[in-house]
Structure formats: C-alpha cells, structure tokens
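K.L.:
Sharing input12.cif (mmCIF, C-alpha atoms) below.
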```cif
data_my_file
#
loop_
_atom_site.label_atom_id
_atom_site.label_comp_id
_atom_site.auth_asym_id
_atom_site.auth_seq_id
_atom_site.Cartn_x
_atom_site.Cartn_y
_atom_site.Cartn_z
CA MET Q 1 -82.27 195.06 33.63
CA THR Q 2 -83.20 197.61 31.01
CA PRO Q 3 -86.32 197.33 28.81
CA GLU Q 4 -84.06 196.47 25.85
CA ASP Q 5 -82.63 193.48 27.75
CA LYS Q 6 -86.12 191.96 28.03
CA LEU Q 7 -86.30 191.75 24.22
CA ILE Q 8 -83.29 189.41 24.01
CA PRO Q 9 -83.75 185.85 25.35
CA SER Q 10 -81.41 185.20 28.28
CA ASP Q 11 -79.72 182.29 26.47
CA GLN Q 12 -78.66 184.66 23.67
CA ILE Q 13 -77.00 187.31 25.83
CA THR Q 14 -73.25 187.14 25.36
CA PRO Q 15 -71.02 188.07 28.31
CA LEU Q 16 -69.23 191.35 27.63
CA ASN Q 17 -65.74 189.83 28.05
CA SER Q 18 -66.34 186.68 25.97
CA GLU Q 19 -64.21 185.96 22.93
CA VAL Q 20 -65.63 185.78 19.41
CA GLU Q 21 -65.20 182.35 17.86
CA ILE Q 22 -65.17 181.32 14.21
CA ILE Q 23 -67.91 178.69 13.89
CA SER Q 24 -67.55 177.99 10.15
CA PHE Q 25 -65.39 179.23 7.30
CA THR Q 26 -65.63 178.20 3.64
CA ALA Q 27 -64.30 179.45 0.32
CA GLU Q 28 -65.23 178.33 -3.18
CA PRO Q 29 -64.50 179.76 -6.60
CA TYR Q 30 -67.37 180.94 -8.77
CA PRO Q 31 -67.76 179.11 -12.12
CA ASP Q 32 -65.83 181.90 -13.90
CA GLN Q 33 -62.75 181.06 -11.72
CA LYS Q 34 -62.12 184.81 -11.34
CA ARG Q 35 -63.94 185.34 -8.06
CA VAL Q 36 -64.07 183.49 -4.75
CA LYS Q 37 -67.11 183.34 -2.46
CA VAL Q 38 -66.06 183.41 1.19
CA ASN Q 39 -68.61 182.57 3.90
CA PHE Q 40 -67.97 182.71 7.61
CA GLN Q 41 -70.11 182.38 10.70
CA LEU Q 42 -69.11 183.80 14.08
CA SER Q 43 -70.34 183.15 17.58
CA SER Q 44 -72.51 185.80 19.22
CA PHE Q 45 -70.65 188.93 20.26
CA GLN Q 46 -71.27 192.22 22.02
CA GLN Q 47 -68.26 194.13 20.71
CA PRO Q 48 -68.18 193.96 16.88
CA PRO Q 49 -64.94 192.37 15.67
CA ASP Q 50 -62.90 193.43 12.67
CA ALA Q 51 -61.42 191.01 10.13
CA THR Q 52 -58.84 190.64 7.42
CA ILE Q 53 -59.54 188.04 4.73
CA THR Q 54 -56.63 187.13 2.44
CA ILE Q 55 -56.33 184.82 -0.57
CA ILE Q 56 -52.90 183.19 -0.64
CA GLY Q 57 -51.51 181.58 -3.82
CA LYS Q 58 -49.70 178.25 -4.02
CA GLU Q 59 -46.32 180.01 -3.75
CA GLY Q 60 -47.42 181.81 -0.56
CA GLU Q 61 -48.03 185.13 -2.33
CA GLU Q 62 -50.96 187.37 -1.41
CA LEU Q 63 -53.43 187.44 -4.30
CA ALA Q 64 -56.20 189.56 -2.78
CA SER Q 65 -57.32 190.82 0.59
CA VAL Q 66 -60.07 192.82 2.24
CA ASP Q 67 -60.46 194.42 5.66
CA VAL Q 68 -63.90 194.34 7.25
CA VAL Q 69 -64.51 196.84 10.04
CA ASN Q 70 -67.19 196.44 12.75
CA ILE Q 71 -68.76 193.18 11.61
CA SER Q 72 -72.40 193.61 12.52
CA GLN Q 73 -73.80 190.09 12.20
CA PRO Q 74 -72.69 186.50 12.82
CA ASP Q 75 -73.32 185.25 9.23
CA ASN Q 76 -71.22 186.88 6.50
CA GLU Q 77 -70.50 186.44 2.79
CA ILE Q 78 -67.82 188.28 0.85
CA THR Q 79 -66.63 187.98 -2.74
CA LEU Q 80 -62.94 188.43 -3.49
CA HIS Q 81 -61.55 188.80 -7.01
CA ILE Q 82 -58.57 186.83 -8.30
CA PRO Q 83 -56.08 189.17 -10.04
CA VAL Q 84 -56.00 188.98 -13.83
CA SER Q 85 -52.22 188.36 -13.61
CA HIS Q 86 -52.73 185.10 -11.68
CA PRO Q 87 -52.23 181.99 -13.86
CA GLY Q 88 -55.62 180.74 -12.71
CA LYS Q 89 -54.95 177.09 -11.79
CA GLY Q 90 -53.94 175.31 -8.64
CA GLU Q 91 -54.60 175.18 -4.95
CA CYS Q 92 -55.01 178.41 -2.98
CA GLN Q 93 -55.78 179.23 0.63
CA VAL Q 94 -58.00 181.82 2.24
CA GLU Q 95 -57.13 183.12 5.70
CA LEU Q 96 -59.56 184.81 8.09
CA LYS Q 97 -58.08 186.83 10.96
CA LEU Q 98 -60.41 188.34 13.57
CA PHE Q 99 -59.25 191.23 15.72
CA ASN Q 100 -60.41 194.30 17.63
CA LEU Q 101 -59.00 197.78 17.23
CA ALA Q 102 -58.66 199.98 20.29
CA GLU Q 103 -57.47 203.53 20.79
CA ARG Q 104 -54.62 204.43 23.13
CA GLN Q 105 -52.92 207.64 24.03
CA ALA Q 106 -49.79 208.38 22.01
CA ARG Q 107 -46.47 208.19 23.86
CA GLU Q 108 -44.29 211.28 24.05
CA ASP Q 109 -42.04 209.96 21.26
CA GLU Q 110 -45.01 209.42 18.87
CA LYS Q 111 -46.76 212.01 16.74
CA GLY Q 112 -50.48 212.53 17.14
CA GLU Q 113 -52.74 212.28 20.14
CA VAL Q 114 -54.27 208.84 19.60
CA LYS Q 115 -52.88 205.60 18.18
CA LEU Q 116 -54.63 202.32 17.36
CA THR Q 117 -53.73 198.97 18.89
CA THR Q 118 -54.80 195.55 17.68
CA LYS Q 119 -56.01 192.67 19.83
CA ASN Q 120 -55.92 189.43 17.86
CA LEU Q 121 -58.95 187.22 18.56
CA SER Q 122 -58.60 184.17 16.31
CA SER Q 123 -57.68 183.02 12.83
CA THR Q 124 -58.23 180.09 10.50
CA ARG Q 125 -57.47 178.98 6.94
CA THR Q 126 -59.29 176.94 4.32
CA THR Q 127 -58.24 175.65 0.91
CA PHE Q 128 -59.87 175.81 -2.53
CA THR Q 129 -58.74 174.84 -6.03
CA LEU Q 130 -58.86 176.91 -9.20
CA GLN Q 131 -59.40 174.71 -12.27
#
```
Spit out the file's structure as structure tokens when you get a sec.
P.N.:
Amino acid sequence: MTPEDKLIPSDQITPLNSEVEIISFTAEPYPDQKRVKVNFQLSSFQQPPDATITIIGKEGEELASVDVVNISQPDNEITLHIPVSHPGKGECQVELKLFNLAERQAREDEKGEVKLTTKNLSSTRTTFTLQ
C-alpha cells in the first residue's frame, strides 16, 4: 500500500477492472427553450471514461452533440444548444454513451503507426419536451 492509498477510504477504492455505471441521467430545457441542461452521475472509476452526448429530434435526426474526453469526476453538467433551424416544439431525446479509447498498433495495410479503438461501456437515453 502506498502513502496515497491511505488517503482514500477502503470502501471508496474502485477495482481497476470494474465497469463504470451511469447512476443518473437527466435533461431539461432552459426557460429560453434554446439550450438543454444535461446532468449525469457516474459510479466511481479508476480509468476516466469518455462520452458522447447527443440530442435527437422527434424525427430521429441529430440536433446537437458533444464529445467529452477523460471525464474527471462522477458528477457532471453540460449545456447543449438547440440549433436555430429547429422548429422548437415537441419531444426530444438525449443519449449518453460512455466508452474508453485505447491505442493499438496499426496493421500493415493501415497508414500510421497507432490507431484508436473504442470499448463501449454503457449507454442510456432520456426524454424532454420543448414547448
């Protein structure tokens, strides 16, 4: 045990190979109906996950998205903007996808020395309504 390990209570140490879980996920439009506040809480983790958050319109079209790299804390809040071209009314969904990026050696038929691979961890969706 290193000196740093003594600073973290034993019940809060996450096993290195444990999966990150989505504990809560909410989305609600701001009063101006042009922005959406997205909150999500993750379980404890040792390897920071990455995420893609996407707003999906009632016709299934992508309205906005953001990629978050190396999430550093369990509690997170992000604001996404609804495009001006969107009619502004109706039910929409927000999707949260957690993943980890990893490097791998490029195969002989690929250009470059290193390529990225994605390991999907979990995903969820929630619904909100624009008035």
K.L.:
Enumerate, as a PyMOL selection string, the residues matched when the PyMOL selection byres ((chain Q and resi 51-61) around 8) is run on the file above.
P.N.:
chain Q and resi 49-50+62-69+71+90-99
K.L.:
What would the selection look like, as a PyMOL selection string, if the PyMOL selection byres ((chain Q and resi 76-83) around 10) were run on the coordinates I just shared?
P.N.:
chain Q and resi 25-30+33-42+53-55+57+63-66+68+71-75+84-88+130
K.L.:
Starting from the point (-59.8, 193.3, 23.3), work out which residues of protein, DNA or RNA have an atom no more than 8 Å away when counting all atoms listed in the file; state them as a list in words.
P.N.:
Phe99, Asn100, Leu101, Ala102, Thr118, Lys119, Asn120 and Leu121 of chain Q
K.L.:
Just give me the gap between CA of Thr117 (chain Q) and CA of Phe45 (chain Q) in Å, one decimal is fine.
P.N.:
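For CA of Thr117 (chain Q) relative to CA of Phe45 (chain Q), the distance reads 19.7 Å.
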K.L.:
Return the single residue from Q:Glu19, Q:Ala106, Q:Gln131, Q:Val114 that is closest to Asp32 (chain Q), with distances computed using all atoms listed in the file.
P.N.:
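Nearest to Asp32 (chain Q): Q:Gln131.
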K.L.:
At what distance in Å, to one decimal, does CA of Gln47 (chain Q) lie from CA of Glu110 (chain Q)?
P.N.:
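For CA of Glu110 (chain Q) relative to CA of Gln47 (chain Q), the distance reads 27.9 Å.
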K.L.:
Enter the distance from CA of Pro48 (chain Q) to CA of Val20 (chain Q), in Å, rounded to one decimal.
P.N.:
8.9 Å
